[in-house]
>>> print(open('run_3.tsv').read())   # TSV, C-alpha atoms and all ligand atoms
chain	number	residue	atom	x	y	z
A	179	MET	CA	15.50	20.33	-24.56
A	180	ASN	CA	17.30	20.93	-27.88
A	181	SER	CA	15.62	23.74	-29.87
A	182	SER	CA	15.70	21.68	-33.09
A	183	GLU	CA	13.74	18.75	-31.63
A	184	THR	CA	10.17	18.36	-32.86
A	185	GLN	CA	8.88	15.92	-30.21
A	186	MET	CA	8.74	16.48	-26.45
A	187	LYS	CA	7.67	14.74	-23.25
A	188	ALA	CA	4.25	15.66	-21.88
A	189	VAL	CA	1.64	14.27	-19.50
A	190	THR	CA	-1.60	13.85	-21.40
A	191	ILE	CA	-5.26	13.14	-20.67
A	192	PRO	CA	-6.14	10.50	-23.34
A	193	GLU	CA	-9.61	9.90	-21.83
A	194	PHE	CA	-11.59	11.41	-18.94
A	195	GLY	CA	-11.45	9.52	-15.65
A	196	ALA	CA	-9.53	8.91	-12.44
A	197	ALA	CA	-5.87	9.89	-11.89
A	198	GLU	CA	-4.77	6.62	-13.54
A	199	VAL	CA	-5.76	7.90	-17.01
A	200	LEU	CA	-2.85	10.37	-17.07
A	201	ARG	CA	-0.16	9.20	-19.53
A	202	LEU	CA	3.41	10.32	-20.23
A	203	ALA	CA	3.61	10.62	-24.02
A	204	GLY	CA	5.61	12.13	-26.87
A	205	VAL	CA	3.81	15.07	-28.49
A	206	ALA	CA	4.71	17.77	-31.02
A	207	VAL	CA	6.67	20.75	-29.68
A	208	PRO	CA	4.37	23.82	-29.88
A	209	GLU	CA	5.60	27.00	-31.59
A	210	ALA	CA	4.97	30.59	-30.56
A	211	GLY	CA	2.53	32.48	-32.80
A	212	PRO	CA	2.12	36.27	-32.99
A	213	GLY	CA	1.95	37.81	-29.50
A	214	GLN	CA	2.98	34.54	-27.89
A	215	VAL	CA	6.02	33.14	-26.15
A	216	ALA	CA	7.32	29.54	-26.02
A	217	ILE	CA	8.77	28.47	-22.68
A	218	ASP	CA	11.16	25.62	-21.79
A	219	VAL	CA	9.36	24.45	-18.66
A	220	ALA	CA	11.32	23.84	-15.44
A	221	PHE	CA	8.36	23.30	-13.09
A	222	ALA	CA	4.59	23.15	-13.65
A	223	GLY	CA	2.08	23.85	-10.89
A	224	ALA	CA	-0.38	21.06	-10.03
A	225	ASN	CA	-3.88	22.37	-9.40
A	226	PHE	CA	-7.46	21.42	-8.65
A	227	ALA	CA	-8.31	22.90	-12.06
A	228	GLU	CA	-6.32	20.17	-13.85
A	229	VAL	CA	-8.18	17.54	-11.82
A	230	LEU	CA	-11.44	19.00	-13.12
A	231	TYR	CA	-10.16	18.88	-16.73
A	232	ARG	CA	-9.07	15.25	-16.18
A	233	ARG	CA	-12.50	14.31	-14.78
A	234	GLY	CA	-14.19	15.85	-17.82
A	235	VAL	CA	-15.96	18.55	-15.78
A	236	VAL	CA	-14.55	20.97	-18.37
A	237	ASP	CA	-15.11	19.64	-21.89
A	238	VAL	CA	-11.72	19.74	-23.61
A	239	PRO	CA	-10.60	18.00	-26.86
A	240	LEU	CA	-8.72	14.71	-26.20
A	241	PRO	CA	-5.90	13.90	-25.97
A	242	PHE	CA	-5.28	16.99	-23.87
A	243	VAL	CA	-2.13	18.29	-22.18
A	244	PRO	CA	-3.22	19.91	-18.88
A	245	GLY	CA	-1.23	22.51	-16.94
A	246	ILE	CA	-2.36	26.06	-16.20
A	247	GLU	CA	0.92	27.55	-14.93
A	248	VAL	CA	4.68	27.11	-15.28
A	249	ALA	CA	8.09	28.57	-14.57
A	250	GLY	CA	11.01	28.16	-16.94
A	251	ARG	CA	13.05	30.00	-19.55
A	252	VAL	CA	11.89	31.75	-22.71
A	253	ARG	CA	12.60	29.42	-25.65
A	254	ALA	CA	11.28	31.65	-28.46
A	255	VAL	CA	9.17	34.77	-28.89
A	256	GLY	CA	6.47	35.23	-31.51
A	257	GLU	CA	5.99	38.14	-33.87
A	258	GLY	CA	5.35	41.44	-32.11
A	259	VAL	CA	6.77	40.42	-28.73
A	260	GLY	CA	9.50	42.91	-27.83
A	261	HIS	CA	9.64	42.82	-24.05
A	262	LEU	CA	10.85	39.24	-23.52
A	263	THR	CA	14.11	37.64	-24.64
A	264	VAL	CA	15.25	34.09	-25.32
A	265	GLY	CA	16.76	32.50	-22.20
A	266	GLN	CA	14.99	34.88	-19.80
A	267	PRO	CA	13.64	33.19	-16.61
A	268	VAL	CA	9.86	33.63	-16.34
A	269	ALA	CA	6.73	32.55	-14.51
A	270	ALA	CA	3.65	32.27	-16.70
A	271	LEU	CA	-0.03	31.47	-16.77
A	272	THR	CA	-0.84	28.87	-19.41
A	273	ILE	CA	-4.45	28.75	-18.32
A	274	VAL	CA	-6.16	29.85	-21.53
A	275	ASP	CA	-5.04	26.86	-23.65
A	276	SER	CA	-3.35	24.74	-20.92
A	277	GLY	CA	-0.32	22.57	-21.85
A	278	GLY	CA	1.95	23.21	-18.87
A	279	TYR	CA	2.60	19.52	-18.01
A	280	ALA	CA	5.17	19.42	-20.82
A	281	GLU	CA	8.76	20.28	-21.69
A	282	VAL	CA	7.61	23.23	-23.82
A	283	VAL	CA	4.46	25.34	-23.57
A	284	VAL	CA	3.16	28.35	-25.50
A	285	THR	CA	1.18	31.18	-23.96
A	286	SER	CA	0.26	34.83	-24.49
A	287	ALA	CA	3.21	37.16	-23.81
A	288	ASP	CA	0.77	39.21	-21.68
A	289	LEU	CA	0.52	36.35	-19.16
A	290	VAL	CA	4.23	36.26	-18.34
A	291	ALA	CA	6.24	37.65	-15.40
A	292	PRO	CA	10.04	38.04	-15.77
A	293	LEU	CA	12.06	36.62	-12.89
A	294	ASP	CA	15.45	38.20	-13.69
A	295	GLY	CA	17.42	39.16	-10.61
A	296	LEU	CA	14.73	38.06	-8.13
A	297	GLY	CA	16.69	35.08	-6.81
A	298	MET	CA	13.47	33.06	-6.79
A	299	GLY	CA	13.55	29.28	-7.21
A	300	MET	CA	11.76	27.95	-10.28
A	301	ASP	CA	9.68	25.65	-8.03
A	302	VAL	CA	8.36	28.61	-6.04
A	303	ALA	CA	7.85	30.66	-9.22
A	304	ALA	CA	5.72	27.87	-10.72
A	305	ALA	CA	3.45	27.94	-7.67
A	306	LEU	CA	2.52	31.62	-8.02
A	307	PRO	CA	0.74	32.23	-11.35
A	308	SER	CA	-2.62	30.60	-10.63
A	309	ASN	CA	-3.28	30.87	-6.91
A	310	SER	CA	-1.43	34.08	-6.04
A	311	THR	CA	-2.72	35.96	-9.10
A	312	THR	CA	-6.23	34.74	-8.30
A	313	ALA	CA	-5.89	35.91	-4.71
A	314	PHE	CA	-5.08	39.50	-5.76
A	315	LEU	CA	-7.75	39.60	-8.48
A	316	VAL	CA	-10.49	38.15	-6.26
A	317	LEU	CA	-9.85	40.52	-3.38
A	318	ASP	CA	-8.86	43.68	-5.25
A	319	ARG	CA	-10.79	43.51	-8.51
A	320	VAL	CA	-13.88	41.49	-7.55
A	321	ALA	CA	-14.48	41.98	-3.80
A	322	ARG	CA	-12.80	45.42	-3.79
A	323	VAL	CA	-11.48	44.96	-0.24
A	324	GLU	CA	-11.10	48.25	1.60
A	325	ARG	CA	-8.72	49.17	4.38
A	326	GLY	CA	-9.74	47.70	7.73
A	327	GLU	CA	-12.39	45.34	6.34
A	328	ARG	CA	-12.97	41.87	7.79
A	329	VAL	CA	-12.20	38.97	5.44
A	330	LEU	CA	-13.10	35.28	5.78
A	331	VAL	CA	-11.35	32.67	3.58
A	332	HIS	CA	-12.28	28.98	3.40
A	333	ALA	CA	-9.77	26.11	2.93
A	334	ALA	CA	-7.17	28.51	4.36
A	335	ALA	CA	-4.28	26.00	4.37
A	336	GLY	CA	-4.75	25.05	0.71
A	337	GLY	CA	-3.09	26.35	-2.43
A	338	VAL	CA	-5.30	29.35	-3.07
A	339	GLY	CA	-6.45	29.72	0.56
A	340	SER	CA	-2.85	30.16	1.70
A	341	GLN	CA	-2.48	33.07	-0.71
A	342	LEU	CA	-5.82	34.78	-0.10
A	343	GLY	CA	-5.15	35.56	3.57
A	344	GLN	CA	-1.77	37.09	2.77
A	345	ALA	CA	-3.12	39.06	-0.19
A	346	ALA	CA	-5.94	40.41	2.01
A	347	ARG	CA	-3.34	41.65	4.47
A	348	GLN	CA	-1.37	43.33	1.65
A	349	LEU	CA	-4.52	45.09	0.52
A	350	GLY	CA	-5.05	46.55	3.99
A	351	ALA	CA	-7.73	44.24	5.37
A	352	GLY	CA	-8.30	44.37	9.13
A	353	ARG	CA	-9.32	41.02	10.67
A	354	VAL	CA	-8.45	38.07	8.42
A	355	VAL	CA	-9.93	34.70	9.41
A	356	GLY	CA	-9.54	31.32	7.74
A	357	THR	CA	-11.48	28.07	7.96
A	358	VAL	CA	-10.12	24.54	7.60
A	359	GLY	CA	-11.85	21.19	7.40
A	360	GLY	CA	-9.95	19.56	10.27
A	361	ALA	CA	-7.83	20.40	13.32
A	362	ALA	CA	-4.65	19.07	11.67
A	363	LYS	CA	-4.55	22.08	9.32
A	364	VAL	CA	-5.08	24.86	11.87
A	365	GLU	CA	-1.39	25.47	12.59
A	366	THR	CA	-0.48	25.40	8.89
A	367	ALA	CA	-3.15	27.99	8.09
A	368	LEU	CA	-2.04	30.20	10.98
A	369	GLY	CA	1.44	30.09	9.44
A	370	PHE	CA	0.01	31.85	6.39
A	371	GLY	CA	-0.76	34.93	8.47
A	372	TYR	CA	-4.41	34.45	9.44
A	373	ASP	CA	-5.42	36.21	12.68
A	374	GLU	CA	-7.60	33.26	13.56
A	375	VAL	CA	-8.37	29.87	12.03
A	376	VAL	CA	-11.64	28.09	12.83
A	377	LEU	CA	-13.00	24.68	11.91
A	378	ARG	CA	-15.40	25.04	9.03
A	379	ASP	CA	-18.27	23.34	10.83
A	380	GLN	CA	-17.98	26.00	13.55
A	381	VAL	CA	-17.90	29.01	11.23
A	382	ALA	CA	-21.31	30.16	12.47
A	383	ASP	CA	-19.52	31.38	15.62
A	384	ALA	CA	-16.82	33.30	13.71
A	385	GLY	CA	-18.66	36.63	13.53
A	386	GLU	CA	-19.53	38.93	10.62
A	387	PHE	CA	-17.38	39.69	7.57
A	388	ASP	CA	-17.29	42.29	4.84
A	389	VAL	CA	-15.81	39.79	2.38
A	390	VAL	CA	-16.10	35.99	2.28
A	391	VAL	CA	-14.25	33.88	-0.31
A	392	ASP	CA	-15.75	30.43	-0.95
A	393	MET	CA	-14.05	27.79	-3.07
A	394	VAL	CA	-15.52	24.84	-1.13
A	395	GLY	CA	-19.21	25.03	-2.09
A	396	GLY	CA	-22.14	22.94	-0.83
A	397	PRO	CA	-23.23	23.79	2.75
A	398	THR	CA	-20.20	26.13	3.02
A	399	ARG	CA	-21.78	28.40	0.40
A	400	ARG	CA	-24.93	28.96	2.43
A	401	ALA	CA	-22.90	29.35	5.63
A	402	SER	CA	-20.76	31.96	3.83
A	403	LEU	CA	-23.79	34.01	2.87
A	404	ASP	CA	-24.92	33.92	6.50
A	405	ARG	CA	-21.58	35.35	7.67
A	406	LEU	CA	-21.84	38.50	5.52
A	407	ALA	CA	-22.33	41.84	7.23
A	408	PRO	CA	-24.66	44.39	5.57
A	409	MET	CA	-22.97	45.52	2.29
A	410	GLY	CA	-20.85	42.35	2.52
A	411	ARG	CA	-19.55	40.58	-0.62
A	412	LEU	CA	-19.33	36.83	-1.15
A	413	VAL	CA	-17.00	35.72	-3.95
A	414	VAL	CA	-17.77	32.26	-5.34
A	415	MET	CA	-14.62	30.80	-6.92
A	416	GLY	CA	-14.71	27.01	-6.68
A	417	ASN	CA	-16.48	23.86	-5.58
A	418	ALA	CA	-13.72	21.73	-4.04
A	419	SER	CA	-16.31	19.71	-2.09
A	420	GLY	CA	-17.83	18.48	-5.37
A	421	ALA	CA	-21.30	19.20	-3.91
A	422	ASP	CA	-24.34	20.00	-6.04
A	423	ASP	CA	-24.74	23.67	-6.92
A	424	VAL	CA	-26.37	25.85	-4.27
A	425	GLY	CA	-29.05	28.36	-5.28
A	426	ILE	CA	-28.47	31.96	-4.23
A	427	PRO	CA	-31.75	33.55	-3.05
A	428	ALA	CA	-31.90	36.86	-4.95
A	429	ASN	CA	-34.66	38.35	-2.79
A	430	GLU	CA	-32.55	37.72	0.30
A	431	LEU	CA	-29.71	39.70	-1.27
A	432	TRP	CA	-32.17	42.50	-1.92
A	433	PHE	CA	-33.51	42.56	1.65
A	434	THR	CA	-30.12	42.28	3.37
A	435	ASN	CA	-27.83	44.43	1.18
A	436	LYS	CA	-25.50	41.56	0.28
A	437	THR	CA	-23.63	40.89	-2.96
A	438	VAL	CA	-22.54	37.61	-4.55
A	439	SER	CA	-19.89	37.62	-7.31
A	440	GLY	CA	-18.11	34.91	-9.25
A	441	PHE	CA	-14.50	34.64	-10.37
A	442	ASN	CA	-12.85	32.26	-12.83
A	443	LEU	CA	-9.19	32.85	-13.69
A	444	ALA	CA	-9.32	31.00	-17.03
A	445	ALA	CA	-12.19	33.08	-18.37
A	446	PHE	CA	-10.75	36.27	-16.85
A	447	SER	CA	-7.31	35.64	-18.41
A	448	ALA	CA	-8.85	35.12	-21.84
A	449	ALA	CA	-10.99	38.26	-21.58
A	450	PHE	CA	-8.51	40.54	-19.77
A	451	PRO	CA	-4.95	39.31	-20.43
A	452	GLY	CA	-3.40	42.71	-19.66
A	453	ASP	CA	-5.06	42.95	-16.22
A	454	THR	CA	-4.22	39.33	-15.47
A	455	GLY	CA	-0.56	39.82	-16.37
A	456	ARG	CA	-0.36	42.89	-14.13
A	457	ALA	CA	-1.83	40.91	-11.22
A	458	LEU	CA	0.64	38.07	-11.90
A	459	ARG	CA	3.60	40.45	-11.84
A	460	ARG	CA	2.25	42.01	-8.64
A	461	ALA	CA	2.08	38.55	-7.04
A	462	VAL	CA	5.63	37.71	-8.18
A	463	ALA	CA	6.91	41.03	-6.77
A	464	ALA	CA	5.14	40.38	-3.45
A	465	ALA	CA	6.66	36.90	-3.21
A	466	ALA	CA	10.12	38.23	-4.11
A	467	ALA	CA	9.79	40.90	-1.40
A	468	GLY	CA	8.90	38.25	1.18
A	469	ASP	CA	5.32	39.54	1.56
A	470	LEU	CA	3.73	36.40	0.09
A	471	ARG	CA	4.90	33.02	1.37
A	472	VAL	CA	4.29	29.94	-0.73
A	473	GLN	CA	4.77	26.44	0.68
A	474	VAL	CA	5.93	24.19	-2.16
A	475	GLU	CA	6.41	20.45	-2.49
A	476	SER	CA	7.84	19.02	-5.71
A	477	LEU	CA	7.15	15.71	-7.48
A	478	PRO	CA	8.65	14.51	-10.78
A	479	LEU	CA	6.47	15.15	-13.86
A	480	GLU	CA	6.09	11.37	-14.18
A	481	GLN	CA	4.18	11.43	-10.87
A	482	ALA	CA	1.44	13.80	-12.05
A	483	GLY	CA	-1.12	11.10	-11.22
A	484	GLU	CA	0.12	10.97	-7.63
A	485	ALA	CA	-0.13	14.77	-7.46
A	486	HIS	CA	-3.76	14.56	-8.61
A	487	ARG	CA	-4.56	11.82	-6.08
A	488	ARG	CA	-3.14	13.95	-3.27
A	489	ILE	CA	-5.11	17.02	-4.37
A	490	GLU	CA	-8.30	14.97	-4.59
A	491	SER	CA	-7.73	13.55	-1.11
A	492	GLY	CA	-8.17	17.06	0.32
A	493	ARG	CA	-5.27	16.40	2.70
A	494	THR	CA	-2.59	18.54	1.04
A	495	THR	CA	-1.47	21.90	2.36
A	496	GLY	CA	0.25	24.60	0.32
A	497	LYS	CA	1.15	23.78	-3.25
A	498	LEU	CA	2.37	20.80	-5.30
A	499	VAL	CA	4.57	21.44	-8.34
A	500	LEU	CA	5.84	19.01	-10.99
A	501	ASP	CA	9.55	18.94	-11.80
A	502	VAL	CA	9.57	18.85	-15.60
A	503	ALA	CA	13.24	19.49	-16.30
A	504	ALA	CA	14.41	17.19	-13.47
A	505	GLY	CA	16.11	19.79	-11.32
A	506	GLY	CA	15.09	22.95	-13.15
A	507	ALA	CA	15.99	24.68	-16.42
A	601	LIG	N1	-11.93	30.41	-9.74
A	601	LIG	C1	-10.63	30.37	-9.93
A	601	LIG	O1	-10.10	31.06	-10.78
A	601	LIG	C2	-9.81	29.47	-9.07
A	601	LIG	C3	-8.42	29.64	-8.95
A	601	LIG	C4	-7.70	28.77	-8.08
A	601	LIG	C5	-8.39	27.79	-7.38
A	601	LIG	N2	-9.75	27.65	-7.57
A	601	LIG	C6	-10.53	26.63	-6.86
A	601	LIG	O2	-10.26	26.72	-5.48
A	601	LIG	C7	-10.38	25.43	-4.92
A	601	LIG	C8	-9.11	25.11	-4.15
A	601	LIG	O3	-8.03	25.06	-5.05
A	601	LIG	P1	-6.57	24.84	-4.49
A	601	LIG	O4	-5.62	24.94	-5.61
A	601	LIG	O5	-6.36	25.71	-3.31
A	601	LIG	O6	-6.68	23.31	-4.04
A	601	LIG	P2	-6.14	22.60	-2.75
A	601	LIG	O7	-4.88	23.18	-2.26
A	601	LIG	O8	-6.19	21.14	-3.06
A	601	LIG	O9	-7.24	22.95	-1.66
A	601	LIG	C9	-8.52	22.42	-1.70
A	601	LIG	C10	-9.06	22.35	-0.30
A	601	LIG	O10	-10.48	22.27	-0.35
A	601	LIG	C11	-10.95	21.64	0.81
A	601	LIG	N3	-11.92	20.60	0.46
A	601	LIG	C12	-13.17	20.53	0.97
A	601	LIG	N4	-13.81	19.47	0.49
A	601	LIG	C13	-12.96	18.82	-0.33
A	601	LIG	C14	-13.06	17.64	-1.11
A	601	LIG	N5	-14.19	16.90	-1.14
A	601	LIG	N6	-11.99	17.25	-1.83
A	601	LIG	C15	-10.85	17.98	-1.83
A	601	LIG	N7	-10.71	19.13	-1.10
A	601	LIG	C16	-11.75	19.55	-0.35
A	601	LIG	C17	-9.71	21.04	1.51
A	601	LIG	O11	-9.36	21.92	2.58
A	601	LIG	P3	-9.89	21.67	4.07
A	601	LIG	O12	-9.17	20.46	4.57
A	601	LIG	O13	-9.56	22.90	4.78
A	601	LIG	O14	-11.37	21.42	3.94
A	601	LIG	C18	-8.64	21.11	0.46
A	601	LIG	O15	-7.35	21.21	1.00
A	601	LIG	C19	-10.66	24.45	-6.06
A	601	LIG	O16	-12.04	24.24	-6.14
A	601	LIG	C20	-10.19	25.21	-7.27
A	601	LIG	O17	-10.87	24.82	-8.43
A	601	LIG	C21	-10.45	28.47	-8.37
>>> encode(input="run_3.tsv", output="structure tokens")
Amino acid sequence: MNSSETQMKAVTIPEFGAAEVLRLAGVAVPEAGPGQVAIDVAFAGANFAEVLYRRGVVDVPLPFVPGIEVAGRVRAVGEGVGHLTVGQPVAALTIVDSGGYAEVVVTSADLVAPLDGLGMGMDVAAALPSNSTTAFLVLDRVARVERGERVLVHAAAGGVGSQLGQAARQLGAGRVVGTVGGAAKVETALGFGYDEVVLRDQVADAGEFDVVVDMVGGPTRRASLDRLAPMGRLVVMGNASGADDVGIPANELWFTNKTVSGFNLAAFSAAFPGDTGRALRRAVAAAAAGDLRVQVESLPLEQAGEAHRRIESGRTTGKLVLDVAAGGA
């Protein structure tokens, strides 16, 4: 996109609803303020989070441009930003104010990872900021996984599930087990480095774990609590099933020496941008070193609605990204 243009292409949410509400529209090009960077977007990740924004689960002002992560090239830097240069290839979290489903997005310079010299495709780079950063933060910062510990991850073939197993391994976990909703995903999940993958409705037979990560919710939440060993930690980080909230019995935690924690990347990024950026750069380095595999499928930006439908179907594996610059910037 020409740097003098004032209008750009973006996918917007004009009203809350089903995937059909998403609209390609012309909107004003955002400009980088102090401490921020503007990015010419090559690819934008497509996530469950954007589905929740579109459904109105998160109350955002309309019309709204979703998009919590991108890869592209630095278009401009705001006042006080000395470590990034125009034209530099970057991956970035745009999760605090969203806006990634667009030709240009602005985000905090703290939430950026340079890609220079890594030889990483922009499609792969766009798939890392949300799920891979989350995986490291959840296991290292929240669950505080220790060497040799047993880790159980639900929806192990999905976007974030595929990263959590590999991150657990990197952090020195011992046995790493995943669950999937159906037999068709077992092989895919095993390909992400899990020692064992079990069907979620048979998780009661999977043994005890020091850490369980639940982004599915509903009956899976209770089953997760039941799988914790003494001093075990359950991290609650999503509700992909769309089930009603599940109460956590505090007295049971007291009697059984169990801990339940929550993690939300949007709130964490706003409160701790420095820590989030460090985790993002760690994830990018791990992917560049071949220690973190991401399975990516790309759709044109214009097919954002199709991406949302696929995510909502629960049938996807790995990660969908949207090609914003039609072939990459
Ligand atoms: N807290 C955070 O900061 C954070 C960060 C990233 C993601 N998340 C959350 O983690 C969850 C997964 O995100 P993701 O990006 O990995 O998405 P994804 O790739 O689409 O994976 C979601 C998986 O959830 C399972 N699932 C169970 N019931 C479902 C239903 N009714 N509809 C759709 N999927 C269902 C499916 O796996 P099976 O077939 O194996 O059941 C599905 O593949 C979402 O809830 C998301 O909001 C949270």
>>> residues_near_ligand(input="run_3.tsv", ligand="ligand LIG 601 (chain A)", cutoff="7 Å", atoms="only C-alpha atoms and all ligand atoms", output="PyMOL selection string")
chain A and resi 225-227+308-309+312+332-339+357-360+363+393-394+415-420+441-444+489-497
>>> closest_residue(input="run_3.tsv", among="A:Phe221, A:Phe314, A:Phe242, A:Tyr231", to="Thr190 of chain A", atoms="only C-alpha atoms")
A:Phe242
>>> atom_distance(input="run_3.tsv", atom1="atom CA of Ala504 of chain A", atom2="atom CA of Leu271 of chain A")
20.6 Å
>>> residues_near_point(input="run_3.tsv", point="(16.9, 21.5, -16.9)", cutoff="12 Å", atoms="all atoms listed in the file", output="list in words")
Met179, Asn180, Asp218, Val219, Ala220, Phe221, Ala249, Gly250, Arg251, Glu281, Val282, Met300, Asp501, Val502, Ala503, Ala504, Gly505, Gly506 and Ala507 of chain A
>>> atom_distance(input="run_3.tsv", atom1="atom CA of Leu431 of chain A", atom2="atom CA of Gly350 of chain A")
26.1 Å
>>> closest_residue(input="run_3.tsv", among="A:Pro241, A:Gly396, A:Leu477, A:Pro292", to="Gly425 of chain A", atoms="all atoms listed in the file")
A:Gly396
>>> closest_atom_pairs(input="run_3.tsv", of="segment 237-324 of chain A", to="segment 456-465 of chain A", cutoff="6 Å", atoms="all atoms listed in the file", output="JSON lines")
{"residue": "A:Ala291", "atom": "CA", "partner": "A:Arg459", "partner_atom": "CA", "distance": 5.2}
{"residue": "A:Pro307", "atom": "CA", "partner": "A:Leu458", "partner_atom": "CA", "distance": 5.9}
{"residue": "A:Ser310", "atom": "CA", "partner": "A:Ala461", "partner_atom": "CA", "distance": 5.8}
{"residue": "A:Thr311", "atom": "CA", "partner": "A:Leu458", "partner_atom": "CA", "distance": 4.9}
>>> residues_around(input="run_3.tsv", residues="Ala197 of chain A", least_positions_apart="4", cutoff="9 Å", atoms="all atoms listed in the file", output="ChimeraX atom specification")
/A:229,232-233,482-487
>>> atom_distance(input="run_3.tsv", atom1="atom CA of Ala287 of chain A", atom2="atom CA of Gly440 of chain A")
25.9 Å
>>> closest_residue(input="run_3.tsv", among="A:Ala321, A:Leu377, A:Ala351, A:Ala449", to="Val391 of chain A", atoms="only C-alpha atoms")
A:Ala321
>>> residues_near_point(input="run_3.tsv", point="(-8.5, 40.4, 6.5)", cutoff="10 Å", atoms="all atoms listed in the file", output="ChimeraX atom specification")
/A:317,323-331,342-356,371-373,387-390
>>> residues_around(input="run_3.tsv", residues="Pro244 of chain A", least_positions_apart="3", cutoff="9 Å", atoms="all atoms listed in the file", output="list in words")
Val189, Thr190, Ile191, Glu228, Val229, Tyr231, Arg232, Ile273, Asp275, Ser276, Gly277, Gly278, Tyr279 and Ala280 of chain A
>>> axis_aligned_box(input="run_3.tsv", around="segment 312-329 of chain A", padding_each_side="3 Å", output="AutoDock Vina command-line options")
--center_x -9.8 --center_y 42.0 --center_z -0.4 --size_x 15.4 --size_y 20.4 --size_z 22.3
>>> closest_residue(input="run_3.tsv", among="A:Leu289, A:Ala367, A:Ala384, A:Ala206", to="Leu262 of chain A", atoms="only C-alpha atoms")
A:Leu289
>>> closest_residue(input="run_3.tsv", among="A:Ala210, A:Ala303, A:Val381, A:Leu202", to="Val499 of chain A", atoms="all atoms listed in the file")
A:Ala303
>>> decode(input="run_3.tsv", residues="segment 266-283 of chain A", atoms="N, CA and C atoms", output="JSON list (two decimals), in the first residue's frame")
[["chain", "number", "residue", "atom", "x", "y", "z"],
["A", 266, "GLN", "N", 11.34, -3.10, 8.07],
["A", 266, "GLN", "CA", 11.78, -4.30, 8.78],
["A", 266, "GLN", "C", 10.65, -5.35, 8.82],
["A", 267, "PRO", "N", 10.96, -6.63, 8.54],
["A", 267, "PRO", "CA", 9.92, -7.66, 8.66],
["A", 267, "PRO", "C", 9.67, -8.00, 10.13],
["A", 268, "VAL", "N", 8.41, -8.08, 10.51],
["A", 268, "VAL", "CA", 8.06, -8.31, 11.93],
["A", 268, "VAL", "C", 6.84, -9.21, 12.06],
["A", 269, "ALA", "N", 6.75, -9.86, 13.23],
["A", 269, "ALA", "CA", 5.50, -10.48, 13.68],
["A", 269, "ALA", "C", 5.03, -9.65, 14.86],
["A", 270, "ALA", "N", 3.73, -9.51, 15.03],
["A", 270, "ALA", "CA", 3.27, -8.63, 16.11],
["A", 270, "ALA", "C", 1.92, -9.07, 16.67],
["A", 271, "LEU", "N", 1.76, -8.83, 17.95],
["A", 271, "LEU", "CA", 0.45, -8.96, 18.58],
["A", 271, "LEU", "C", -0.28, -7.63, 18.44],
["A", 272, "THR", "N", -1.51, -7.71, 17.96],
["A", 272, "THR", "CA", -2.34, -6.50, 17.84],
["A", 272, "THR", "C", -3.58, -6.69, 18.73],
["A", 273, "ILE", "N", -3.37, -7.46, 19.80],
["A", 273, "ILE", "CA", -4.48, -7.97, 20.60],
["A", 273, "ILE", "C", -5.09, -6.92, 21.53],
["A", 274, "VAL", "N", -4.34, -5.87, 21.84],
["A", 274, "VAL", "CA", -4.89, -4.91, 22.82],
["A", 274, "VAL", "C", -6.01, -4.08, 22.18],
["A", 275, "ASP", "N", -5.77, -3.58, 20.95],
["A", 275, "ASP", "CA", -6.81, -2.79, 20.28],
["A", 275, "ASP", "C", -7.36, -3.46, 19.02],
["A", 276, "SER", "N", -6.88, -4.66, 18.71],
["A", 276, "SER", "CA", -7.27, -5.41, 17.48],
["A", 276, "SER", "C", -6.92, -4.62, 16.22],
["A", 277, "GLY", "N", -7.56, -4.97, 15.08],
["A", 277, "GLY", "CA", -7.31, -4.24, 13.83],
["A", 277, "GLY", "C", -6.45, -4.97, 12.83],
["A", 278, "GLY", "N", -6.12, -6.24, 13.08],
["A", 278, "GLY", "CA", -5.19, -6.96, 12.21],
["A", 278, "GLY", "C", -5.75, -7.38, 10.86],
["A", 279, "TYR", "N", -7.09, -7.46, 10.72],
["A", 279, "TYR", "CA", -7.69, -7.87, 9.44],
["A", 279, "TYR", "C", -7.72, -6.64, 8.51],
["A", 280, "ALA", "N", -6.55, -6.06, 8.24],
["A", 280, "ALA", "CA", -6.50, -4.81, 7.48],
["A", 280, "ALA", "C", -5.14, -4.66, 6.84],
["A", 281, "GLU", "N", -5.05, -3.75, 5.88],
["A", 281, "GLU", "CA", -3.77, -3.55, 5.19],
["A", 281, "GLU", "C", -2.73, -2.90, 6.09],
["A", 282, "VAL", "N", -3.19, -2.09, 7.05],
["A", 282, "VAL", "CA", -2.27, -1.45, 7.99],
["A", 282, "VAL", "C", -2.85, -1.58, 9.40],
["A", 283, "VAL", "N", -1.98, -1.88, 10.37],
["A", 283, "VAL", "CA", -2.42, -1.95, 11.76],
["A", 283, "VAL", "C", -1.38, -1.25, 12.63]]
